[in-house]
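These notes concern the structure reproduced below.
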Amino acid sequence: MKKDLPDDEKIHDMHAGLCKMLSHPTRLKILKQLEEEKKTVNEIAEIVETSQPTTSQHLGELKKRGLVKAERNGNNTFYSITYPKILDACEIIREVLFEQLNETQEMLNRGENDD
């Protein structure tokens, strides 16, 4: 990250980096799965239907960014969300996307009815 940025610029830079981190569908699925309870990498991999190594890689990126945390319990490592508000932000984005899809569908339907 650039040094000595004014606060607004620093936040914009961080915001863009966070959005980039969340731009992978698998990472969004992983976060969604951790909404209710902490899970192991194998549990997450099975639910999101990716291999364990791929899931581990995504969890590592999310952890590096501070979005998830790992907690060792015996032989298992459990992952959980560091900042639950991130799920609220993702849900708001989903709502906007559904609204856009509905508007597009309505426009298409009006176009069909004009014929």
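Chain identifiers are assigned as A, B, and so on, following the order in which chains appear in the structure tokens; residues are numbered from 1 within each chain, and ligands are numbered from 1 in order of appearance.
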
Exercise. Within chain A, find each residue whose DSSP state, derived from the backbone, is strand (DSSP E), and express the selection as an NGL selection string.
Key: :A and (39-40 or 68-73 or 76-81)

Hey, can you spit out that residue selection with N, CA and C atoms as an mmCIF file, in the first residue's frame?
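So the final result, stored in out-v3.cif, reads:
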data_model
loop_
_atom_site.group_PDB
_atom_site.id
_atom_site.type_symbol
_atom_site.label_atom_id
_atom_site.label_comp_id
_atom_site.auth_asym_id
_atom_site.auth_seq_id
_atom_site.Cartn_x
_atom_site.Cartn_y
_atom_site.Cartn_z
ATOM 1 N N LYS A 39 -16.009 -23.507 11.002
ATOM 2 C CA LYS A 39 -15.910 -24.786 10.300
ATOM 3 C C LYS A 39 -14.459 -25.101 9.981
ATOM 4 N N THR A 40 -14.188 -26.378 9.747
ATOM 5 C CA THR A 40 -12.856 -26.803 9.316
ATOM 6 C C THR A 40 -12.750 -26.649 7.806
ATOM 7 N N VAL A 68 -10.981 -13.643 7.863
ATOM 8 C CA VAL A 68 -11.250 -14.838 8.659
ATOM 9 C C VAL A 68 -10.100 -15.051 9.628
ATOM 10 N N LYS A 69 -10.404 -15.794 10.670
ATOM 11 C CA LYS A 69 -9.367 -16.156 11.637
ATOM 12 C C LYS A 69 -9.399 -17.664 11.828
ATOM 13 N N ALA A 70 -8.254 -18.205 12.196
ATOM 14 C CA ALA A 70 -8.110 -19.645 12.404
ATOM 15 C C ALA A 70 -7.884 -19.901 13.889
ATOM 16 N N GLU A 71 -8.525 -20.946 14.365
ATOM 17 C CA GLU A 71 -8.432 -21.318 15.769
ATOM 18 C C GLU A 71 -8.175 -22.825 15.854
ATOM 19 N N ARG A 72 -7.057 -23.160 16.436
ATOM 20 C CA ARG A 72 -6.668 -24.567 16.545
ATOM 21 C C ARG A 72 -7.380 -25.193 17.741
ATOM 22 N N ASN A 73 -7.933 -26.405 17.516
ATOM 23 C CA ASN A 73 -8.582 -27.162 18.581
ATOM 24 C C ASN A 73 -8.206 -28.631 18.389
ATOM 25 N N ASN A 76 -7.664 -30.229 14.753
ATOM 26 C CA ASN A 76 -8.432 -29.465 13.776
ATOM 27 C C ASN A 76 -8.178 -27.966 13.897
ATOM 28 N N THR A 77 -8.287 -27.297 12.751
ATOM 29 C CA THR A 77 -8.262 -25.841 12.711
ATOM 30 C C THR A 77 -9.630 -25.391 12.252
ATOM 31 N N PHE A 78 -10.247 -24.540 13.053
ATOM 32 C CA PHE A 78 -11.565 -24.020 12.725
ATOM 33 C C PHE A 78 -11.435 -22.581 12.259
ATOM 34 N N TYR A 79 -12.184 -22.273 11.207
ATOM 35 C CA TYR A 79 -12.176 -20.933 10.640
ATOM 36 C C TYR A 79 -13.478 -20.230 10.982
ATOM 37 N N SER A 80 -13.374 -18.934 11.241
ATOM 38 C CA SER A 80 -14.557 -18.119 11.511
ATOM 39 C C SER A 80 -14.325 -16.723 10.935
ATOM 40 N N ILE A 81 -15.403 -15.976 10.858
ATOM 41 C CA ILE A 81 -15.339 -14.627 10.297
ATOM 42 C C ILE A 81 -14.837 -13.661 11.367
#

10 Å contact set for Glu49 (chain A), only C-alpha atoms, chain neighbours under 6 positions out, as a PDB file with N, CA and C atoms, in the first residue's frame:
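Wrote result27.pdb, looks like this:
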ATOM      1  N   THR A  26     -15.729 -18.177  -5.079  1.00  0.00           N
ATOM      2  CA  THR A  26     -15.460 -19.181  -4.040  1.00  0.00           C
ATOM      3  C   THR A  26     -15.236 -18.516  -2.687  1.00  0.00           C
ATOM      4  N   LYS A  29     -18.563 -17.652  -1.296  1.00  0.00           N
ATOM      5  CA  LYS A  29     -19.229 -18.863  -0.792  1.00  0.00           C
ATOM      6  C   LYS A  29     -18.653 -19.282   0.555  1.00  0.00           C
ATOM      7  N   GLU A  43     -14.782 -29.311   6.000  1.00  0.00           N
ATOM      8  CA  GLU A  43     -16.223 -29.043   6.001  1.00  0.00           C
ATOM      9  C   GLU A  43     -16.565 -27.986   4.955  1.00  0.00           C
ATOM     10  N   THR A  55      -9.571 -24.808  -1.297  1.00  0.00           N
ATOM     11  CA  THR A  55     -10.241 -24.141  -0.182  1.00  0.00           C
ATOM     12  C   THR A  55      -9.215 -23.562   0.778  1.00  0.00           C
TER      13      THR A  55
END

Exercise. As a PyMOL selection string, list the residues of chain A assigned to helix (DSSP H, G or I) by DSSP on the backbone atoms of this structure.
Key: chain A and resi 7-21+25-33+41-48+52-64+85-113

Practice problem: Would you mind reading off the distance between CA of Lys20 (chain A) and CA of Ile92 (chain A), one decimal, in Å? | Solution: 16.8 Å

Practice problem: Between CA of Cys90 (chain A) and CA of His15 (chain A), measure the distance and give it in Å to one decimal. | Solution: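 Here the two named atoms are 13.1 Å from each other.
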
Practice problem: For CA of Leu31 (chain A) and CA of Lys10 (chain A), quote the distance in Å rounded to one decimal. | Solution: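 Separating CA of Leu31 (chain A) from CA of Lys10 (chain A) is a distance of 24.7 Å.
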
Quiz prompt | Selection near Glu91 (chain A), 12 Å with only C-alpha atoms, sequence-local residues under 4 positions removed, as number ranges by chain | solution = A: 28, 31-32, 35, 84-87, 95-98

Please produce an output containing C-alpha atoms for each residue in the selection, written as a CSV table (one decimal), in the first residue's frame.
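Saved the output as again24.csv:
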chain,number,residue,atom,x,y,z
A,28,LEU,CA,-17.9,-15.3,-1.2
A,31,LEU,CA,-17.7,-16.4,3.9
A,32,LYS,CA,-21.4,-17.3,3.5
A,35,GLU,CA,-21.9,-17.0,8.7
A,84,PRO,CA,-19.4,-10.2,10.8
A,85,LYS,CA,-20.3,-6.9,9.3
A,86,ILE,CA,-18.6,-8.0,6.1
A,87,LEU,CA,-21.6,-10.4,5.6
A,95,GLU,CA,-29.7,-7.1,-3.0
A,96,VAL,CA,-28.5,-4.5,-5.5
A,97,LEU,CA,-27.6,-7.2,-8.0
A,98,PHE,CA,-31.1,-8.8,-7.6
